[in-house]
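**Q** So here's work_20.cif, just mmCIF, C-alpha atoms:
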```cif
data_coords
loop_
_atom_site.label_atom_id
_atom_site.label_comp_id
_atom_site.auth_asym_id
_atom_site.auth_seq_id
_atom_site.Cartn_x
_atom_site.Cartn_y
_atom_site.Cartn_z
CA MET A 1 -0.12 -141.60 -88.32
CA ASP A 2 -1.85 -144.91 -87.55
CA LEU A 3 0.31 -147.44 -85.83
CA VAL A 4 -0.40 -151.13 -86.40
CA MET A 5 1.32 -153.96 -84.58
CA THR A 6 2.06 -156.71 -87.10
CA ASP A 7 2.37 -160.41 -86.44
CA ARG A 8 6.14 -160.15 -86.43
CA GLY A 9 5.87 -157.70 -83.54
CA GLU A 10 6.81 -154.58 -85.48
CA LEU A 11 5.07 -151.28 -85.54
CA SER A 12 4.20 -150.37 -89.08
CA GLY A 13 3.64 -146.77 -89.99
CA THR A 14 6.27 -145.36 -87.61
CA ASP A 15 8.22 -142.33 -88.67
CA THR A 16 11.75 -143.59 -88.30
CA ARG A 17 13.57 -140.60 -89.70
CA SER A 18 14.34 -139.21 -86.26
CA LEU A 19 15.86 -142.58 -85.29
CA ASP A 20 18.06 -142.92 -88.35
CA ALA A 21 21.64 -143.13 -87.14
CA ASP A 22 22.91 -143.19 -90.71
CA LEU A 23 21.78 -139.68 -91.53
CA PRO A 24 24.81 -137.87 -90.02
CA LEU A 25 27.07 -140.34 -91.82
CA ILE A 26 25.43 -139.68 -95.16
CA ARG A 27 25.77 -135.94 -94.61
CA ALA A 28 29.45 -136.37 -93.80
CA ILE A 29 29.93 -138.57 -96.88
CA ALA A 30 28.24 -135.88 -98.99
CA ASP A 31 30.86 -133.46 -97.62
CA GLY A 32 33.63 -135.79 -98.80
CA ASP A 33 34.52 -137.40 -95.45
CA GLU A 34 36.29 -140.66 -96.32
CA GLU A 35 36.30 -141.86 -92.72
CA ALA A 36 32.51 -141.55 -92.67
CA LEU A 37 32.36 -143.63 -95.83
CA ALA A 38 34.53 -146.32 -94.24
CA THR A 39 32.25 -146.40 -91.18
CA PHE A 40 29.19 -146.56 -93.42
CA VAL A 41 30.65 -149.42 -95.47
CA ARG A 42 31.53 -151.43 -92.35
CA ARG A 43 28.05 -150.87 -90.95
CA HIS A 44 26.20 -152.02 -94.08
CA GLU A 45 28.71 -154.32 -95.75
CA ARG A 46 27.15 -157.59 -94.65
CA ARG A 47 23.63 -156.78 -95.78
CA ILE A 48 24.67 -155.20 -99.08
CA ARG A 49 26.88 -158.15 -99.93
CA GLY A 50 23.99 -160.43 -98.96
CA VAL A 51 21.57 -158.66 -101.30
CA CYS A 52 24.11 -158.67 -104.12
CA ARG A 53 24.80 -162.37 -103.58
CA GLY A 54 21.11 -163.18 -103.53
CA MET A 55 20.50 -161.16 -106.68
CA LEU A 56 23.59 -162.11 -108.66
CA GLY A 57 24.52 -165.52 -107.28
CA ASP A 58 28.22 -165.31 -108.02
CA ARG A 59 30.43 -164.49 -105.05
CA GLU A 60 33.08 -162.50 -106.90
CA GLU A 61 30.56 -160.57 -108.94
CA SER A 62 28.52 -159.74 -105.86
CA ARG A 63 31.63 -158.50 -104.08
CA ASP A 64 32.44 -156.29 -107.05
CA ALA A 65 28.84 -155.08 -107.16
CA ALA A 66 28.90 -154.25 -103.44
CA GLN A 67 32.01 -152.11 -103.99
CA GLU A 68 30.27 -150.29 -106.82
CA VAL A 69 27.20 -149.70 -104.68
CA PHE A 70 29.30 -147.96 -102.03
CA LEU A 71 31.05 -145.96 -104.75
CA LYS A 72 27.60 -144.82 -105.87
CA VAL A 73 26.82 -143.84 -102.29
CA TRP A 74 30.01 -141.77 -102.26
CA LYS A 75 29.06 -140.01 -105.49
CA LYS A 76 25.35 -139.61 -104.82
CA ALA A 77 25.20 -138.94 -101.08
CA HIS A 78 24.62 -135.24 -101.73
CA ARG A 79 21.45 -136.14 -103.63
CA PHE A 80 19.93 -138.09 -100.73
CA ARG A 81 16.77 -136.45 -99.46
CA PRO A 82 15.69 -137.81 -96.07
CA ARG A 83 12.14 -138.84 -96.99
CA GLY A 84 12.80 -142.33 -95.64
CA LYS A 85 15.51 -144.32 -93.94
CA VAL A 86 19.02 -144.30 -95.31
CA SER A 87 19.04 -148.10 -95.29
CA THR A 88 15.94 -148.15 -97.50
CA TRP A 89 17.63 -145.82 -99.97
CA LEU A 90 20.72 -148.03 -99.82
CA TYR A 91 18.64 -151.12 -100.61
CA ARG A 92 17.15 -149.32 -103.59
CA VAL A 93 20.58 -148.32 -104.90
CA THR A 94 21.77 -151.91 -104.42
CA VAL A 95 18.81 -153.61 -106.07
CA ASN A 96 18.84 -151.21 -109.02
CA HIS A 97 22.56 -151.78 -109.44
CA CYS A 98 22.07 -155.55 -109.39
CA LEU A 99 19.15 -155.35 -111.84
CA ASN A 100 21.35 -153.34 -114.20
CA ARG A 101 24.09 -155.94 -113.90
CA LEU A 102 21.60 -158.73 -114.59
CA ARG A 103 20.35 -156.87 -117.66
CA ARG A 104 23.91 -156.41 -118.91
CA ARG A 105 24.63 -160.07 -118.23
CA LYS A 106 21.65 -161.08 -120.37
CA ILE A 107 22.76 -158.79 -123.17
CA VAL A 108 26.35 -159.99 -123.15
CA THR A 109 25.66 -163.70 -122.98
CA MET A 110 23.05 -166.18 -121.89
CA LEU A 111 24.98 -167.37 -118.87
CA PRO A 112 23.32 -169.66 -116.34
CA PHE A 113 22.82 -168.24 -112.86
CA PRO A 114 26.41 -168.53 -111.59
CA GLY A 115 25.44 -169.91 -108.21
CA GLN A 116 24.40 -173.15 -109.91
CA ASP A 117 27.97 -174.24 -110.02
CA ASP A 118 29.22 -171.69 -107.55
CA GLU A 119 32.74 -171.48 -108.91
CA GLY A 120 33.24 -175.20 -108.83
CA GLU A 121 32.57 -175.44 -105.13
CA ALA A 122 29.99 -178.17 -105.62
CA THR A 123 32.63 -180.63 -106.73
CA TRP A 124 34.89 -179.81 -103.81
CA GLU A 125 35.19 -182.82 -101.52
CA PRO A 126 37.23 -182.23 -98.38
CA LYS A 127 39.21 -185.05 -96.74
CA ASP A 128 38.16 -183.75 -93.35
CA ARG A 129 34.64 -185.06 -92.63
CA SER A 130 34.18 -183.45 -89.20
CA PRO A 131 30.67 -182.25 -88.27
CA GLY A 132 31.65 -178.64 -88.92
CA VAL A 133 32.74 -179.47 -92.45
CA ASP A 134 29.60 -181.52 -93.04
CA ARG A 135 27.48 -178.60 -91.92
CA ALA A 136 29.36 -176.30 -94.29
CA LEU A 137 28.81 -178.74 -97.15
CA GLU A 138 25.13 -179.05 -96.33
CA SER A 139 24.82 -175.30 -96.22
CA ARG A 140 26.59 -175.02 -99.57
CA GLU A 141 24.30 -177.62 -101.08
CA ARG A 142 21.25 -175.77 -99.79
CA TRP A 143 22.62 -172.54 -101.25
CA ARG A 144 23.09 -174.25 -104.62
CA ARG A 145 19.49 -175.41 -104.52
CA THR A 146 18.41 -171.90 -103.56
CA CYS A 147 20.32 -170.48 -106.51
CA ARG A 148 18.63 -172.91 -108.85
CA ALA A 149 15.23 -171.90 -107.48
CA LEU A 150 16.01 -168.18 -107.66
CA ASP A 151 17.33 -168.61 -111.18
CA GLY A 152 13.84 -169.50 -112.34
CA LEU A 153 12.42 -166.22 -111.08
CA PRO A 154 12.11 -163.05 -113.11
CA ASP A 155 14.52 -160.41 -111.78
CA THR A 156 11.80 -158.29 -110.20
CA GLN A 157 10.38 -161.27 -108.27
CA ARG A 158 13.87 -162.28 -107.23
CA ALA A 159 14.48 -158.82 -105.78
CA VAL A 160 11.36 -159.06 -103.62
CA VAL A 161 12.24 -162.55 -102.40
CA VAL A 162 15.82 -161.54 -101.55
CA LEU A 163 14.69 -158.53 -99.53
CA VAL A 164 11.88 -160.32 -97.67
CA ARG A 165 13.52 -163.70 -97.15
CA PHE A 166 17.21 -162.90 -96.77
CA GLU A 167 17.05 -159.38 -95.39
CA GLY A 168 13.91 -159.84 -93.33
CA LEU A 169 12.34 -156.64 -94.65
CA SER A 170 8.63 -156.10 -94.15
CA TYR A 171 6.39 -155.68 -97.18
CA ARG A 172 6.26 -151.95 -96.53
CA GLU A 173 10.04 -151.63 -96.32
CA THR A 174 10.41 -153.74 -99.45
CA ALA A 175 7.92 -151.53 -101.30
CA GLU A 176 9.86 -148.43 -100.24
CA ALA A 177 13.19 -149.98 -101.16
CA LEU A 178 12.01 -150.97 -104.62
CA GLY A 179 9.85 -147.92 -105.22
CA ILE A 180 6.72 -149.99 -105.84
CA THR A 181 3.35 -150.28 -104.13
CA LEU A 182 2.51 -152.63 -101.29
CA GLY A 183 0.11 -154.43 -103.64
CA ALA A 184 2.91 -154.96 -106.17
CA VAL A 185 5.10 -156.51 -103.48
CA GLU A 186 2.33 -158.92 -102.51
CA SER A 187 1.57 -159.74 -106.11
CA ARG A 188 5.22 -160.42 -106.94
CA LEU A 189 5.60 -162.58 -103.84
CA PHE A 190 2.48 -164.52 -104.72
CA ARG A 191 3.79 -165.28 -108.20
CA ALA A 192 7.28 -165.91 -106.85
CA MET A 193 5.94 -168.48 -104.40
CA ARG A 194 4.23 -170.31 -107.26
CA ASN A 195 7.46 -170.34 -109.27
CA LEU A 196 9.52 -171.38 -106.27
CA GLU A 197 7.18 -174.25 -105.52
CA LYS A 198 7.66 -175.53 -109.06
CA ALA A 199 11.42 -175.09 -108.81
CA CYS A 200 11.66 -176.73 -105.38
CA GLY A 201 9.33 -179.56 -106.29
CA THR A 202 6.88 -178.70 -103.55
CA SER A 203 4.04 -177.74 -105.86
CA ALA A 204 2.27 -181.10 -105.90
CA GLU A 205 -1.48 -180.84 -105.70
CA THR A 206 -1.27 -177.05 -105.52
CA GLU A 207 -4.61 -175.76 -106.62
CA THR A 208 -6.35 -172.52 -106.09
CA ARG A 209 -9.78 -171.44 -107.14
CA MET B 1 -8.29 -176.46 -102.48
CA THR B 2 -7.66 -172.87 -101.41
CA THR B 3 -8.84 -169.65 -102.98
CA ARG B 4 -6.45 -167.05 -104.29
CA SER B 5 -7.25 -164.66 -101.44
CA GLU B 6 -6.82 -167.43 -98.88
CA GLU B 7 -3.46 -168.24 -100.38
CA LYS B 8 -2.42 -164.60 -100.26
CA ASP B 9 -3.39 -164.52 -96.60
CA LEU B 10 -1.38 -167.69 -95.97
CA ILE B 11 1.65 -166.07 -97.57
CA ARG B 12 1.13 -162.92 -95.49
CA LEU B 13 0.89 -165.10 -92.39
CA LEU B 14 4.06 -166.92 -93.36
CA HIS B 15 5.86 -163.59 -93.67
CA GLY B 16 4.42 -162.20 -90.46
CA GLU B 17 2.51 -159.50 -92.29
CA LEU B 18 -0.92 -159.99 -90.78
CA ASP B 19 -2.04 -158.05 -87.76
CA ARG B 20 -2.30 -160.14 -84.61
CA ASP B 21 -6.05 -160.64 -84.61
CA THR B 22 -6.24 -161.70 -88.25
CA ALA B 23 -3.22 -163.95 -87.79
CA ALA B 24 -4.82 -165.63 -84.79
CA ARG B 25 -8.08 -166.21 -86.70
CA LEU B 26 -6.22 -167.67 -89.66
CA ARG B 27 -4.14 -169.93 -87.42
CA GLN B 28 -7.35 -171.24 -85.91
CA ARG B 29 -8.74 -171.96 -89.41
CA ILE B 30 -5.51 -173.75 -90.36
CA ALA B 31 -5.89 -175.92 -87.26
CA ASP B 32 -9.49 -176.72 -88.20
CA GLU B 33 -9.19 -177.19 -91.98
CA PRO B 34 -6.83 -179.91 -93.29
CA ASP B 35 -6.72 -178.42 -96.82
CA LEU B 36 -5.63 -175.06 -95.52
CA ASP B 37 -3.17 -176.74 -93.20
CA ALA B 38 -1.61 -178.76 -96.05
CA ARG B 39 -1.33 -175.66 -98.25
CA PHE B 40 0.29 -173.67 -95.46
CA ARG B 41 2.78 -176.47 -94.82
CA ARG B 42 3.80 -176.58 -98.48
CA LEU B 43 4.24 -172.82 -98.60
CA SER B 44 6.31 -172.91 -95.41
CA GLU B 45 8.43 -175.72 -96.77
CA THR B 46 9.12 -173.82 -99.99
CA TRP B 47 9.99 -170.65 -98.13
CA ASP B 48 12.25 -172.42 -95.63
CA ARG B 49 14.16 -174.12 -98.42
CA LEU B 50 15.56 -170.77 -99.47
CA GLU B 51 18.93 -170.72 -97.78
CA PRO B 52 20.37 -167.26 -97.18
CA PRO B 53 23.86 -166.85 -98.62
CA ALA B 54 26.57 -167.66 -96.09
CA SER B 55 28.64 -164.67 -95.11
CA SER B 56 32.20 -165.60 -95.89
CA PRO B 57 35.26 -163.93 -94.36
CA ALA B 58 36.60 -161.41 -96.83
CA PRO B 59 39.22 -158.69 -96.99
CA ASP B 60 38.19 -155.30 -95.68
CA LEU B 61 35.60 -154.01 -98.14
CA ALA B 62 35.84 -150.51 -96.66
CA GLU B 63 39.54 -150.35 -97.55
CA GLU B 64 38.82 -151.56 -101.08
CA VAL B 65 36.06 -149.00 -101.52
CA LEU B 66 38.29 -146.19 -100.24
CA ALA B 67 41.06 -147.29 -102.58
CA ARG B 68 38.64 -147.11 -105.51
CA VAL B 69 37.37 -143.71 -104.36
CA ARG B 70 40.96 -142.42 -104.31
CA ARG B 71 41.79 -143.97 -107.67
CA GLU B 72 38.74 -142.41 -109.27
CA GLY B 73 39.48 -139.10 -107.56
CA GLU B 74 42.94 -139.09 -109.10
CA SER B 75 41.66 -139.79 -112.60
CA LEU B 76 40.56 -136.80 -114.63
CA GLY B 77 36.89 -137.59 -114.71
CA TRP B 78 34.52 -134.94 -115.98
CA GLN B 79 32.53 -135.03 -112.75
CA SER B 80 35.63 -134.50 -110.62
CA ALA B 81 36.81 -131.52 -112.67
CA PRO B 82 36.62 -128.16 -110.87
CA VAL B 83 33.81 -125.79 -111.75
CA TRP B 84 36.09 -123.33 -113.58
CA ALA B 85 37.40 -126.13 -115.82
CA ARG B 86 33.89 -127.28 -116.69
CA PHE B 87 32.91 -123.65 -117.38
CA ALA B 88 35.93 -123.10 -119.62
CA ALA B 89 35.25 -126.31 -121.51
CA GLY B 90 31.60 -125.36 -121.87
CA ILE B 91 32.63 -122.09 -123.52
CA ALA B 92 35.51 -123.48 -125.58
CA LEU B 93 33.60 -126.30 -127.26
CA PRO B 94 30.81 -124.26 -128.87
CA LEU B 95 33.30 -121.47 -129.67
CA GLY B 96 35.53 -123.94 -131.49
CA LEU B 97 32.55 -125.29 -133.39
CA ILE B 98 31.48 -121.79 -134.50
CA LEU B 99 35.02 -120.86 -135.56
CA GLY B 100 35.27 -124.12 -137.48
CA LEU B 101 32.06 -123.39 -139.37
CA ILE B 102 33.25 -119.88 -140.20
CA ALA B 103 36.67 -121.06 -141.35
CA ALA B 104 35.43 -124.05 -143.39
CA PRO B 105 34.30 -122.21 -146.60
CA ALA B 106 37.69 -120.47 -146.84
CA ALA B 107 39.62 -123.75 -146.72
CA PRO B 108 40.90 -125.22 -150.05
CA GLY B 109 39.05 -128.18 -151.53
CA PRO B 110 40.60 -131.63 -151.81
CA THR B 111 41.62 -131.41 -155.50
CA GLU B 112 43.46 -128.16 -154.96
CA THR B 113 45.59 -129.59 -152.20
CA ARG B 114 46.88 -132.51 -154.26
CA SER B 115 50.47 -132.11 -155.20
CA SER B 116 51.75 -132.84 -158.70
CA SER B 117 53.73 -135.77 -157.30
CA ASP B 118 50.59 -137.48 -156.02
CA PRO B 119 50.40 -140.85 -157.92
CA TRP B 120 46.64 -140.78 -157.73
CA ARG B 121 46.40 -137.32 -159.28
CA SER B 122 46.38 -138.34 -162.95
CA VAL B 123 43.93 -141.15 -162.35
CA TYR B 124 41.69 -138.88 -160.35
CA GLU B 125 41.80 -136.15 -162.98
CA GLU B 126 41.14 -138.57 -165.83
CA THR B 127 38.38 -140.48 -164.17
CA ARG B 128 36.69 -137.59 -162.45
CA ASP B 129 33.35 -138.51 -164.02
CA GLU B 130 33.83 -142.26 -163.57
CA GLY B 131 33.36 -144.25 -160.46
CA LEU B 132 36.13 -144.77 -157.91
CA THR B 133 35.97 -148.51 -158.61
CA ASP B 134 36.90 -147.95 -162.24
CA ALA B 135 39.74 -145.71 -161.17
CA TYR B 136 40.98 -148.36 -158.78
CA TYR B 137 40.99 -151.10 -161.42
CA GLU B 138 42.73 -148.81 -163.85
CA LEU B 139 45.48 -148.13 -161.36
CA VAL B 140 45.84 -151.80 -160.49
CA LEU B 141 46.04 -152.81 -164.15
CA GLN B 142 48.66 -150.12 -164.79
CA GLY B 143 50.67 -151.41 -161.86
CA GLY B 144 50.31 -154.99 -163.10
CA GLU B 145 51.51 -154.14 -166.56
CA GLU B 146 54.50 -152.29 -165.16
CA GLU B 147 55.45 -155.37 -163.15
CA GLY B 148 54.91 -157.63 -166.16
CA ILE B 149 51.71 -159.19 -164.95
CA SER B 150 49.06 -159.43 -167.59
CA SER B 151 45.74 -161.06 -167.56
#
```
Mind turning this structure into structure tokens?
**A**
Amino acid sequence: MDLVMTDRGELSGTDTRSLDADLPLIRAIADGDEEALATFVRRHERRIRGVCRGMLGDREESRDAAQEVFLKVWKKAHRFRPRGKVSTWLYRVTVNHCLNRLRRRKIVTMLPFPGQDDEGEATWEPKDRSPGVDRALESRERWRRTCRALDGLPDTQRAVVVLVRFEGLSYRETAEALGITLGAVESRLFRAMRNLEKACGTSAETETR
Amino acid sequence: MTTRSEEKDLIRLLHGELDRDTAARLRQRIADEPDLDARFRRLSETWDRLEPPASSPAPDLAEEVLARVRREGESLGWQSAPVWARFAAGIALPLGLILGLIAAPAAPGPTETRSSSDPWRSVYEETRDEGLTDAYYELVLQGGEEEGISS
């Protein structure tokens, strides 16, 4: 296998199966070990909730979705075949679950991306104006803007952006997680960047030949 | 103005996806070419504007997941049923269907099961060749006349 050092200092093309610490956990979960499931959830909770939040926007819905993802892991662990990393498989389960939820959401009603209003948080004005609170408000405002920008993306482009931007996955890892080719990841990112520029208002004078 | 392939390379550079030599060459070009530099800045600005969701303190998700696992385990879901139960159900369902098909011709028809006290019987017998709508109106008119309502 050819090893290439990328600009972000990672080796691409490494066979990471032997390094996967999640494999024994998945095997134990497949055998019905609840303690192993709890350990697995605690290990991956943050990133799975992050992906769900990025994909779905709404905090409560993403929390619910994260629970359902781990329930799927519990039910489907016996089907896992170690061709890649467990975390990659987990990302795929998560993204597919979120895409299904988004599809259902579109069928049920044409709701706006929930993060736009973020459960009324945008109108929340605290009396305490300490720097910590200001930072939190700024962060919330940035997240609202992010939600608005992500809202303009087709679901498949949003999935790529969430994995690359928020999860820091490489193109290769993203391709594996979504079950698409490297070229498709690049193509979706290219189109997503165009859409994001329009949404963020940074697209002025953008021209390509 | 940048070409499509240049722009793709800029995006790859932004995401750290170029190998070191190519990245170094492109960085040099960005330093030398104002157009490329401006395009790269705009792409970077767009990308950096995407704020990752803040991780908020939340109740123990693991406990919630385990609670759901136990709840679902307690419910009589088809997937959680033991193999013998699934096997028995797999046999019983087609067997019941076959027995039903065998027994159906021997069962009495609907007219034969009507009792003589059935208020619909006379109407049904008399209007056998008419539509059900006619039979309904006839019954309603009869009822109306009995209650002293006339059109």
**Q** Could you please determine the separation between atom CA of A:Arg47 and atom CA of A:Arg83 in Å, to one decimal place?
**A**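 Spanning atom CA of A:Arg47 to atom CA of A:Arg83 is a straight-line distance of 21.3 Å.
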**Q** Taking only C-alpha atoms into account, report as a list in words which residues of chain B lie within 6 Å of chain A.
**A** Met1, Thr2, Thr3, Arg4, Gly16, Glu17, Leu18, Asp19, Arg20, Thr46, Leu50, Glu51, Pro52, Ala62 and Val65 of chain B
**Q** Go through B:Ala89, B:Val83, B:Glu7, B:Leu99 one by one, measure the shortest atom-to-atom distance of each to B:Asp35 using all atoms listed in the file, and give the residue with the smallest value.
**A**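 The closest residue to B:Asp35 is B:Glu7.
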**Q** Carefully work through the PyMOL selection byres ((chain A and resi 175-185) around 9) for this structure and note down the residues it includes, as a VMD selection string.
**A** chain A and resid 84 87 to 93 95 to 96 157 159 to 160 163 170 to 174 186 to 190
**Q** Excluding A:Ala36 and any residue of its chain fewer than 5 positions from it, enumerate the residues within 10 Å of it, using only C-alpha atoms, and give them as a count of residues only.
**A** 12
**Q** Could you tell me how far atom CA of A:Ser62 sits from atom CA of A:Asp151, in Å to one decimal place?
**A**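 Atom CA of A:Asp151 sits 15.2 Å away from atom CA of A:Ser62.
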**Q** Rounded to one decimal place, report the atom CA of A:Arg79-atom CA of B:Ala67 distance in Å.
**A**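 Atom CA of A:Arg79 sits 22.6 Å away from atom CA of B:Ala67.
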